[in-house]
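Worksheet: the structure to be examined is printed underneath.
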Amino acid sequence: MRHPPRSVLAAVAGAVALIGSVTVPVVTASGAAPACSVEYSVTSQWDSGFQGAVRITNNTAAMRSWSLAFDFAGGQKLTQGWNAKWSQSGTTVTAASESYNGSLATGASVSAGFIASWSGSNAVPTSFKLNGTSCNTAVEPSPTPEPTDPADDGPPVLRASGNKLVDAGGATRRLLGVNRSGGEFMCVQGRGIFDGPVDDASVKAIADWKANTVRIPLNEECWLGLSTIDPAYAGANYINAVKDLVAKVKAHGMTPVVELHWTYGQYTGNSAGCSDVHASCQKPMPDMQYTPSFWASVANTFKNDGTVVFDLFNEPYPDRATSTTTQAWQCWRDGGSCPGIGYEVAGMQDLVDSVRGTGATNLILAGGIAYSNDLSQWLTYRPADPAGNLAAAWHVYNFNTCANESCWNSTLVPVAAQVPLVAGEIGENTCAHGFIDQVMKWFDDRGLSYLGWTWNTWDCSSGPSLISSYDGTPTAFGTGLRDHLRALNG
C-alpha cells in the first residue's frame, strides 16, 4: 500500500502508548559529511507491531529516483507502508521512490513511513544504503581519482570522443571479441555462478582467438544477494566471482564489459520469456525496484577502474508491450508506468543517473528497443550523460528484422555518425558464419565494434555457440569469428 488506511491509524492511536522517537543518529567526522543520511524512527509500538518512519537526506549529486535498503535485525516483518514502494525480502527492506517524490536534489530530504510486526525484540537497523551507497558514515571528502591506464599490456581506459572510442592517448580503439554467458542464469537456477570453467586457461583461450573484449552477462538478484537465491551463488560470493573473472580478462589484455541481462519484475504480455517475477528470463525493461541499486553497486565496485565498461540492459523490448513506437521509446528512456508492463520500469536515464551518481566515469553502453535491434530513434531519445561517455549498443542475428545492409545503412549509419556504436551481440542460428561475415565486413568498413555470441559449449543447433570445448575449439560458426579476429589482430 502507498499510505496507511484510516482504520489502522485509528487503532494505533487508540490502543497503543506512544513511546517516542528512537532515531539512528548521523555519524559524522570532522569536516566531512556522509553521502546520505537516514533518520530511522519508531514513533509508536504495541504488543505485536509498531509504526516507523525514515527521513532520507541526499548529500551528493541530484537523483531522479531513489531506493533505500536496510535490514531488520529483530525478526520484524513489514506489513504496509506509504510515500514509497515498500517491500521485504528475507530481512532486507527496500523503500523505492514513488513517481511524485523520486527527484531528490543535493541537500534535499524525503520521508516515508511503514507499519511492521515484531516479537521478542524490536532492534533498530544499523546500516542503510541509498541507491547502493552507504549512508550515515562520513568519509573525508576527496575527489574520485581519474581512472588511469594499467600496464602497457593491459586493456585501455576507453572514452567516447565524438563517434569514436579512444584510449588515454587519443588513439582510436575497437571492441572486438566474444560474450561469456552463464552469470545471468546459473545462479538463479541454483546450479552455480558460471556455465563451464572460468579459470585462467579458459580465459587465455579467448585471448588466443585475438579477441580484445569479453562481455559478461549478469543477474541483478544474484548480485544483490536477494533471499530467493542460494547464498552460495549470491551476494558477496557472486560479486567476488565476477570481480575475479574481470581480473582474469584484464590480465590477458582484454576489456571486460559487465552487462545486466536478467532482472526482476513480472511480465506476462506479448513475447514474455517467463511468468516469474524473479530474474529468471529476459524482461522487456529493467525494474525500478532493484535495477538502480544494482547499477549503483556495480558502479561503486568498478568506478576506480576505467577499463571496465558498463552495458546497462541486455535487450529491451518495450515495443512488444506498448501500442506505439513512441510509447516504447519514451518507456525506454524515461521508465515509470509503461503501457503493457505491470511493474514500474527503470528507464535508461534512471540507470545512467545511478551509475554517475557514484562518481563513476566508465564508458556506458545503451542498447535500443526490439531486443536492441532497433536504433531508429536512439539519437532522439538518448539519455543525458553528464560524463559524456555514452555509446550505442546494437544486437543482430540472421533472424532479426534489421538483418540486411539496407536497414543498417538507414538506421545505423546516422547513429554511428554521432556516437560510438558497439554490436554487443552478433550471431546466426545456422551453425555457419555466412551471415556474421557480412556483419563483420560492414562494421570493419566503418571502424565499428562487435562481439560474437557466445563462448559456451552449447549445441550450436539450439542457438549460436562459438565453441565445442573451453580450450577454444570452434564450432563452424565460431571458426568464422576466430579466423576473422586473427586476421585483423594477428
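All residue names refer to the C-alpha cells as shown: chains lettered A, B, ... in order, residues numbered from 1 in each chain, ligands numbered from 1 in order.
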
Compile a residue-level contact table for range 255-303 of chain A against range 93-99 of chain A at a cut-off of 12 Å, reporting for every qualifying residue the shortest atom pair and its distance in Å to one decimal, with only C-alpha atoms counted, rows ordered by chain and ascending number, as a tab-separated table.
residue	atom	partner	partner_atom	distance
A:Asp287	CA	A:Ala96	CA	10.9
A:Met288	CA	A:Ala96	CA	7.6
A:Gln289	CA	A:Ala96	CA	6.1
A:Tyr290	CA	A:Ala96	CA	8.6
A:Thr291	CA	A:Ala96	CA	10.9
A:Pro292	CA	A:Ala96	CA	9.8
A:Ser293	CA	A:Ala96	CA	9.8

>> Need the shell around range 180-196 of chain A: protein/DNA/RNA residues with any atom at most 9 Å away, counting only C-alpha atoms. Skip same-chain ones fewer than 6 positions apart. Format as a ChimeraX atom specification?
In response: /A:214-222,228-230,232-234,237-238,241-242,260-262,278-281,453-457,470

What's around range 408-424 of chain A at 7 Å? Count only C-alpha atoms, leave out sequence neighbours fewer than 3 positions away in its own chain, and write the answer as a tab-separated table (two decimals) with all heavy atoms, in the first residue's frame.
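The new file out.tsv reads:
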chain	number	residue	atom	x	y	z
A	160	ALA	N	34.35	7.88	-25.01
A	160	ALA	CA	33.68	8.27	-26.24
A	160	ALA	C	34.18	9.65	-26.63
A	160	ALA	O	34.07	10.60	-25.85
A	160	ALA	CB	32.17	8.28	-26.04
A	162	GLY	N	33.50	12.05	-29.75
A	162	GLY	CA	32.71	12.12	-30.98
A	162	GLY	C	32.06	10.78	-31.23
A	162	GLY	O	31.38	10.24	-30.36
A	163	ASN	N	32.31	10.21	-32.40
A	163	ASN	CA	31.74	8.91	-32.72
A	163	ASN	C	32.77	7.78	-32.64
A	163	ASN	O	32.56	6.70	-33.19
A	163	ASN	CB	31.08	8.93	-34.10
A	163	ASN	CG	32.08	9.09	-35.23
A	163	ASN	OD1	33.22	9.52	-35.00
A	163	ASN	ND2	31.68	8.75	-36.44
A	164	LYS	N	33.85	8.03	-31.93
A	164	LYS	CA	34.90	7.03	-31.80
A	164	LYS	C	35.13	6.67	-30.34
A	164	LYS	O	34.85	7.46	-29.43
A	164	LYS	CB	36.22	7.56	-32.39
A	164	LYS	CG	36.16	7.98	-33.84
A	164	LYS	CD	35.90	6.80	-34.76
A	164	LYS	CE	35.95	7.24	-36.23
A	164	LYS	NZ	35.58	6.10	-37.13
A	165	LEU	N	35.64	5.47	-30.11
A	165	LEU	CA	36.19	5.09	-28.82
A	165	LEU	C	37.69	5.33	-28.87
A	165	LEU	O	38.36	4.87	-29.79
A	165	LEU	CB	35.90	3.62	-28.52
A	165	LEU	CG	34.43	3.22	-28.35
A	165	LEU	CD1	34.31	1.71	-28.17
A	165	LEU	CD2	33.79	3.95	-27.19
A	375	LEU	N	17.65	0.83	-33.55
A	375	LEU	CA	18.24	2.08	-33.07
A	375	LEU	C	17.66	3.28	-33.82
A	375	LEU	O	18.24	4.38	-33.79
A	375	LEU	CB	19.76	2.07	-33.26
A	375	LEU	CG	20.56	1.02	-32.48
A	375	LEU	CD1	22.06	1.22	-32.70
A	375	LEU	CD2	20.25	1.06	-31.00
A	376	SER	N	16.51	3.11	-34.46
A	376	SER	CA	15.98	4.14	-35.36
A	376	SER	C	15.72	5.47	-34.66
A	376	SER	O	15.80	6.52	-35.30
A	376	SER	CB	14.70	3.63	-36.03
A	376	SER	OG	13.71	3.33	-35.06
A	379	LEU	N	18.96	8.30	-31.21
A	379	LEU	CA	19.50	9.65	-31.08
A	379	LEU	C	18.47	10.61	-30.51
A	379	LEU	O	18.80	11.52	-29.74
A	379	LEU	CB	20.00	10.16	-32.43
A	379	LEU	CG	21.23	9.45	-33.00
A	379	LEU	CD1	21.52	9.94	-34.41
A	379	LEU	CD2	22.46	9.65	-32.11
A	391	ALA	N	27.83	5.30	-25.34
A	391	ALA	CA	27.84	4.71	-26.68
A	391	ALA	C	26.55	3.94	-26.90
A	391	ALA	O	25.87	3.53	-25.95
A	391	ALA	CB	29.05	3.79	-26.86
A	392	ALA	N	26.20	3.74	-28.17
A	392	ALA	CA	25.01	2.97	-28.53
A	392	ALA	C	25.38	1.50	-28.69
A	392	ALA	O	26.42	1.17	-29.26
A	392	ALA	CB	24.41	3.50	-29.82
A	393	ALA	N	24.51	0.63	-28.17
A	393	ALA	CA	24.70	-0.82	-28.34
A	393	ALA	C	23.63	-1.36	-29.26
A	393	ALA	O	22.49	-0.88	-29.27
A	393	ALA	CB	24.63	-1.52	-26.98
A	394	TRP	N	23.98	-2.38	-30.02
A	394	TRP	CA	23.08	-2.95	-31.03
A	394	TRP	C	23.33	-4.45	-31.11
A	394	TRP	O	24.47	-4.90	-30.95
A	394	TRP	CB	23.35	-2.29	-32.38
A	394	TRP	CG	22.48	-2.73	-33.53
A	394	TRP	CD1	21.16	-2.47	-33.69
A	394	TRP	CD2	22.90	-3.46	-34.68
A	394	TRP	NE1	20.72	-3.00	-34.89
A	394	TRP	CE2	21.77	-3.61	-35.51
A	394	TRP	CE3	24.12	-4.00	-35.11
A	394	TRP	CZ2	21.81	-4.28	-36.74
A	394	TRP	CZ3	24.16	-4.67	-36.32
A	394	TRP	CH2	23.03	-4.80	-37.12
A	395	HIS	N	22.26	-5.23	-31.30
A	395	HIS	CA	22.39	-6.68	-31.45
A	395	HIS	C	21.81	-7.09	-32.79
A	395	HIS	O	20.80	-6.55	-33.24
A	395	HIS	CB	21.64	-7.41	-30.34
A	395	HIS	CG	22.21	-7.20	-28.97
A	395	HIS	ND1	21.71	-7.82	-27.85
A	395	HIS	CD2	23.25	-6.44	-28.54
A	395	HIS	CE1	22.41	-7.45	-26.79
A	395	HIS	NE2	23.34	-6.61	-27.18
A	402	CYS	N	16.06	-6.19	-38.50
A	402	CYS	CA	17.09	-5.35	-39.12
A	402	CYS	C	18.34	-6.19	-39.34
A	402	CYS	O	19.31	-6.12	-38.60
A	402	CYS	CB	17.40	-4.14	-38.25
A	402	CYS	SG	18.45	-2.90	-39.05
A	404	ASN	N	19.80	-6.72	-42.64
A	404	ASN	CA	20.30	-6.55	-44.01
A	404	ASN	C	20.94	-5.18	-44.14
A	404	ASN	O	20.67	-4.26	-43.35
A	404	ASN	CB	19.17	-6.72	-45.02
A	404	ASN	CG	18.03	-5.76	-44.78
A	404	ASN	OD1	18.14	-4.57	-45.04
A	404	ASN	ND2	16.92	-6.28	-44.24
A	405	GLU	N	21.77	-5.02	-45.14
A	405	GLU	CA	22.54	-3.79	-45.29
A	405	GLU	C	21.65	-2.57	-45.53
A	405	GLU	O	22.00	-1.46	-45.13
A	405	GLU	CB	23.57	-3.93	-46.40
A	405	GLU	CG	24.69	-4.90	-46.06
A	405	GLU	CD	25.89	-4.77	-46.99
A	405	GLU	OE1	26.03	-3.69	-47.63
A	405	GLU	OE2	26.69	-5.71	-47.06
A	448	LEU	N	33.85	0.00	-36.75
A	448	LEU	CA	32.96	-0.19	-35.60
A	448	LEU	C	33.29	-1.48	-34.85
A	448	LEU	O	34.08	-2.30	-35.30
A	448	LEU	CB	31.51	-0.19	-36.08
A	448	LEU	CG	31.07	1.05	-36.87
A	448	LEU	CD1	29.65	0.89	-37.39
A	448	LEU	CD2	31.20	2.31	-36.03
A	449	SER	N	32.63	-1.67	-33.72
A	449	SER	CA	32.94	-2.75	-32.79
A	449	SER	C	31.89	-3.85	-32.84
A	449	SER	O	30.70	-3.58	-33.10
A	449	SER	CB	33.02	-2.21	-31.36
A	449	SER	OG	33.98	-1.18	-31.24
A	450	TYR	N	32.28	-5.11	-32.53
A	450	TYR	CA	31.32	-6.22	-32.49
A	450	TYR	C	31.86	-7.35	-31.62
A	450	TYR	O	33.07	-7.58	-31.51
A	450	TYR	CB	30.98	-6.73	-33.88
A	450	TYR	CG	32.17	-6.99	-34.79
A	450	TYR	CD1	32.89	-8.18	-34.73
A	450	TYR	CD2	32.55	-6.04	-35.73
A	450	TYR	CE1	33.96	-8.42	-35.58
A	450	TYR	CE2	33.62	-6.25	-36.58
A	450	TYR	CZ	34.33	-7.44	-36.50
A	450	TYR	OH	35.40	-7.65	-37.32
A	451	LEU	N	30.89	-8.09	-31.01
A	451	LEU	CA	31.20	-9.20	-30.12
A	451	LEU	C	30.32	-10.39	-30.48
A	451	LEU	O	29.10	-10.26	-30.58
A	451	LEU	CB	30.93	-8.80	-28.65
A	451	LEU	CG	31.57	-7.49	-28.17
A	451	LEU	CD1	31.08	-7.15	-26.77
A	451	LEU	CD2	33.09	-7.58	-28.19

>> For a test of reading the model, state the distance in Å between CA of Ser127 in chain A and CA of Arg55 in chain A, rounded to one decimal.
In response: 13.8 Å

Pick out the residues sitting within 12 Å of range 338-340 of chain A, and hand them over as a compact mmCIF listing (two decimals) with N, CA, C and O atoms, in the first residue's frame; count only C-alpha atoms, and ignore anything fewer than 6 positions along from it in its own chain.
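Heads up, here's the output in result-v4.txt:
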# COMPACT_ATOMS: atom_id res chain seq x y z
N GLN A 266 7.40 -8.92 -12.88
CA GLN A 266 6.55 -9.89 -13.55
C GLN A 266 5.97 -9.32 -14.85
O GLN A 266 5.33 -8.27 -14.84
N TYR A 267 6.21 -10.03 -15.94
CA TYR A 267 5.68 -9.62 -17.25
C TYR A 267 5.14 -10.87 -17.94
O TYR A 267 5.86 -11.86 -18.12
N THR A 268 3.87 -10.83 -18.31
CA THR A 268 3.23 -11.98 -18.96
C THR A 268 2.63 -11.59 -20.29
O THR A 268 1.81 -12.31 -20.84
N GLY A 269 3.02 -10.45 -20.82
CA GLY A 269 2.46 -9.95 -22.06
C GLY A 269 3.11 -10.55 -23.30
O GLY A 269 3.75 -11.61 -23.24
N ASN A 270 2.97 -9.87 -24.40
CA ASN A 270 3.47 -10.32 -25.69
C ASN A 270 4.97 -10.62 -25.63
O ASN A 270 5.75 -9.81 -25.15
N SER A 271 5.35 -11.81 -26.09
CA SER A 271 6.75 -12.25 -26.16
C SER A 271 7.40 -12.45 -24.80
O SER A 271 8.63 -12.43 -24.69
N ALA A 272 6.59 -12.66 -23.74
CA ALA A 272 7.16 -12.90 -22.41
C ALA A 272 8.02 -14.16 -22.43
O ALA A 272 7.65 -15.19 -22.99
N PRO A 284 11.07 -7.18 -20.57
CA PRO A 284 11.06 -6.12 -21.59
C PRO A 284 11.83 -4.88 -21.21
O PRO A 284 12.36 -4.19 -22.08
N MET A 285 11.90 -4.58 -19.90
CA MET A 285 12.66 -3.43 -19.41
C MET A 285 13.13 -3.74 -17.99
O MET A 285 12.54 -4.55 -17.29
N PRO A 286 14.18 -3.05 -17.53
CA PRO A 286 14.61 -3.22 -16.14
C PRO A 286 13.58 -2.64 -15.18
O PRO A 286 12.71 -1.87 -15.58
N ASP A 287 13.69 -3.02 -13.92
CA ASP A 287 12.70 -2.62 -12.92
C ASP A 287 13.26 -1.55 -12.00
O ASP A 287 14.45 -1.52 -11.70
N MET A 288 12.36 -0.68 -11.55
CA MET A 288 12.77 0.40 -10.65
C MET A 288 13.08 -0.12 -9.25
O MET A 288 13.86 0.50 -8.50
N TYR A 317 12.69 -4.70 -24.85
CA TYR A 317 11.65 -4.86 -25.87
C TYR A 317 10.31 -4.28 -25.40
O TYR A 317 9.27 -4.93 -25.49
N PRO A 318 10.30 -3.02 -24.96
CA PRO A 318 9.03 -2.39 -24.58
C PRO A 318 8.07 -2.28 -25.76
O PRO A 318 6.86 -2.15 -25.56
N ASP A 319 8.61 -2.33 -26.97
CA ASP A 319 7.77 -2.25 -28.17
C ASP A 319 6.81 -3.42 -28.29
O ASP A 319 5.76 -3.30 -28.94
N ARG A 320 7.13 -4.55 -27.65
CA ARG A 320 6.23 -5.70 -27.69
C ARG A 320 5.05 -5.51 -26.72
O ARG A 320 4.03 -6.19 -26.85
N ALA A 321 5.21 -4.61 -25.75
CA ALA A 321 4.16 -4.40 -24.75
C ALA A 321 3.30 -3.18 -25.06
O ALA A 321 2.11 -3.16 -24.79
N THR A 322 3.91 -2.14 -25.63
CA THR A 322 3.20 -0.89 -25.87
C THR A 322 2.52 -0.90 -27.24
O THR A 322 2.84 -1.73 -28.09
N SER A 323 1.61 0.02 -27.44
CA SER A 323 0.84 0.04 -28.69
C SER A 323 1.47 0.90 -29.77
O SER A 323 1.14 0.77 -30.95
N THR A 324 2.40 1.80 -29.40
CA THR A 324 3.03 2.66 -30.40
C THR A 324 4.54 2.68 -30.19
O THR A 324 5.04 2.48 -29.08
N THR A 325 5.25 2.98 -31.26
CA THR A 325 6.71 3.08 -31.18
C THR A 325 7.12 4.24 -30.29
O THR A 325 8.10 4.15 -29.54
N THR A 326 6.37 5.33 -30.34
CA THR A 326 6.68 6.48 -29.49
C THR A 326 6.59 6.10 -28.02
O THR A 326 7.46 6.45 -27.21
N GLN A 327 5.53 5.37 -27.64
CA GLN A 327 5.41 4.92 -26.26
C GLN A 327 6.59 4.04 -25.87
O GLN A 327 7.10 4.11 -24.75
N ALA A 328 7.02 3.19 -26.79
CA ALA A 328 8.13 2.27 -26.50
C ALA A 328 9.42 3.06 -26.22
O ALA A 328 10.13 2.77 -25.26
N TRP A 329 9.70 4.04 -27.06
CA TRP A 329 10.93 4.82 -26.86
C TRP A 329 10.84 5.69 -25.61
O TRP A 329 11.84 5.88 -24.90
N GLN A 330 9.67 6.23 -25.32
CA GLN A 330 9.51 7.00 -24.09
C GLN A 330 9.72 6.12 -22.87
O GLN A 330 10.37 6.52 -21.90
N CYS A 331 9.17 4.91 -22.91
CA CYS A 331 9.38 3.95 -21.82
C CYS A 331 10.86 3.63 -21.70
O CYS A 331 11.41 3.56 -20.59
N TRP A 332 11.51 3.42 -22.84
CA TRP A 332 12.94 3.07 -22.86
C TRP A 332 13.77 4.12 -22.15
O TRP A 332 14.64 3.80 -21.33
N ALA A 346 12.49 1.04 -14.76
CA ALA A 346 13.64 1.94 -14.69
C ALA A 346 14.08 2.23 -16.12
O ALA A 346 14.46 1.32 -16.85
N GLY A 347 14.00 3.48 -16.53
CA GLY A 347 14.42 3.85 -17.87
C GLY A 347 15.93 3.99 -17.97
O GLY A 347 16.65 4.00 -16.96

> Excluding same-chain residues fewer than 2 positions from Ser111 in chain A, what lies within 9 Å of it counting only C-alpha atoms, as a VMD selection string?
Replying inline: chain A and resid 53 to 57 83 to 84 109 113

> Could you pull out the helix (DSSP H, G or I) residues of range 56-296 of chain A from DSSP and send them as an NGL selection string?
Replying inline: :A and (200-208 or 220-224 or 231-233 or 235-251 or 291-296)

Write to file, as a compact mmCIF listing (two decimals), in the first residue's frame, the residues of the selection just made, with N, CA and C atoms.
# COMPACT_ATOMS: atom_id res chain seq x y z
N ASP A 200 42.04 -19.52 -15.55
CA ASP A 200 42.95 -18.75 -16.40
C ASP A 200 43.10 -19.37 -17.79
N ALA A 201 43.13 -20.70 -17.84
CA ALA A 201 43.31 -21.36 -19.14
C ALA A 201 42.14 -21.08 -20.08
N SER A 202 40.93 -21.10 -19.54
CA SER A 202 39.76 -20.87 -20.40
C SER A 202 39.69 -19.41 -20.87
N VAL A 203 40.15 -18.48 -20.04
CA VAL A 203 40.17 -17.08 -20.46
C VAL A 203 41.30 -16.85 -21.47
N LYS A 204 42.43 -17.50 -21.26
CA LYS A 204 43.53 -17.40 -22.22
C LYS A 204 43.11 -17.91 -23.59
N ALA A 205 42.25 -18.93 -23.60
CA ALA A 205 41.78 -19.47 -24.89
C ALA A 205 41.00 -18.40 -25.68
N ILE A 206 40.28 -17.54 -24.97
CA ILE A 206 39.59 -16.45 -25.66
C ILE A 206 40.61 -15.48 -26.25
N ALA A 207 41.62 -15.13 -25.44
CA ALA A 207 42.66 -14.22 -25.92
C ALA A 207 43.40 -14.80 -27.11
N ASP A 208 43.55 -16.14 -27.14
CA ASP A 208 44.25 -16.78 -28.26
C ASP A 208 43.51 -16.63 -29.58
N GLU A 220 20.67 -9.44 -11.66
CA GLU A 220 20.60 -8.45 -10.58
C GLU A 220 20.25 -9.08 -9.23
N GLU A 221 19.40 -10.10 -9.19
CA GLU A 221 19.05 -10.72 -7.91
C GLU A 221 20.25 -11.42 -7.30
N CYS A 222 21.08 -12.03 -8.14
CA CYS A 222 22.27 -12.72 -7.63
C CYS A 222 23.28 -11.71 -7.11
N TRP A 223 23.50 -10.64 -7.86
CA TRP A 223 24.44 -9.61 -7.42
C TRP A 223 23.99 -8.99 -6.10
N LEU A 224 22.72 -8.67 -5.99
CA LEU A 224 22.20 -8.01 -4.79
C LEU A 224 22.00 -8.96 -3.62
N PRO A 231 22.48 -18.75 -1.20
CA PRO A 231 23.56 -17.86 -0.74
C PRO A 231 24.93 -18.23 -1.30
N ALA A 232 25.12 -19.48 -1.66
CA ALA A 232 26.41 -19.88 -2.22
C ALA A 232 26.68 -19.20 -3.55
N TYR A 233 25.60 -18.78 -4.22
CA TYR A 233 25.74 -18.18 -5.54
C TYR A 233 25.26 -16.73 -5.57
N GLY A 235 25.12 -12.53 -3.60
CA GLY A 235 25.76 -11.53 -2.77
C GLY A 235 27.26 -11.52 -2.94
N ALA A 236 27.98 -11.53 -1.84
CA ALA A 236 29.44 -11.42 -1.88
C ALA A 236 30.08 -12.53 -2.69
N ASN A 237 29.54 -13.76 -2.61
CA ASN A 237 30.11 -14.86 -3.39
C ASN A 237 30.00 -14.60 -4.88
N TYR A 238 28.84 -14.11 -5.29
CA TYR A 238 28.62 -13.80 -6.72
C TYR A 238 29.50 -12.63 -7.16
N ILE A 239 29.50 -11.56 -6.37
CA ILE A 239 30.28 -10.37 -6.72
C ILE A 239 31.76 -10.71 -6.82
N ASN A 240 32.27 -11.47 -5.87
CA ASN A 240 33.70 -11.83 -5.90
C ASN A 240 34.03 -12.68 -7.11
N ALA A 241 33.10 -13.57 -7.51
CA ALA A 241 33.34 -14.39 -8.70
C ALA A 241 33.39 -13.51 -9.95
N VAL A 242 32.51 -12.52 -10.02
CA VAL A 242 32.52 -11.60 -11.17
C VAL A 242 33.81 -10.78 -11.17
N LYS A 243 34.19 -10.27 -10.01
CA LYS A 243 35.43 -9.50 -9.93
C LYS A 243 36.64 -10.34 -10.34
N ASP A 244 36.63 -11.61 -9.96
CA ASP A 244 37.74 -12.49 -10.32
C ASP A 244 37.80 -12.72 -11.83
N LEU A 245 36.62 -12.90 -12.46
CA LEU A 245 36.62 -13.08 -13.91
C LEU A 245 37.05 -11.79 -14.61
N VAL A 246 36.60 -10.65 -14.13
CA VAL A 246 37.03 -9.37 -14.70
C VAL A 246 38.55 -9.25 -14.62
N ALA A 247 39.12 -9.62 -13.49
CA ALA A 247 40.58 -9.54 -13.32
C ALA A 247 41.30 -10.46 -14.30
N LYS A 248 40.77 -11.66 -14.52
CA LYS A 248 41.40 -12.59 -15.47
C LYS A 248 41.32 -12.06 -16.89
N VAL A 249 40.17 -11.50 -17.25
CA VAL A 249 40.01 -10.91 -18.58
C VAL A 249 41.04 -9.80 -18.79
N LYS A 250 41.19 -8.94 -17.79
CA LYS A 250 42.15 -7.84 -17.89
C LYS A 250 43.59 -8.36 -17.94
N ALA A 251 43.87 -9.43 -17.18
CA ALA A 251 45.23 -9.96 -17.15
C ALA A 251 45.68 -10.44 -18.51
N THR A 291 16.90 -2.47 -10.06
CA THR A 291 17.95 -2.20 -11.04
C THR A 291 18.78 -0.96 -10.73
N PRO A 292 18.19 0.17 -10.29
CA PRO A 292 19.07 1.29 -9.92
C PRO A 292 20.05 0.93 -8.81
N SER A 293 19.59 0.13 -7.84
CA SER A 293 20.50 -0.30 -6.77
C SER A 293 21.59 -1.21 -7.31
N PHE A 294 21.21 -2.09 -8.24
CA PHE A 294 22.21 -2.96 -8.87
C PHE A 294 23.31 -2.13 -9.52
N TRP A 295 22.91 -1.15 -10.35
CA TRP A 295 23.92 -0.38 -11.08
C TRP A 295 24.73 0.53 -10.14
N ALA A 296 24.11 1.03 -9.10
CA ALA A 296 24.88 1.81 -8.13
C ALA A 296 25.94 0.94 -7.48

>> I'd like the contact shell of Asn400 in chain A - 10 Å cut-off, only C-alpha atoms, skipping same-chain residues fewer than 3 positions apart - returned as a count of residues only.
In response: 10
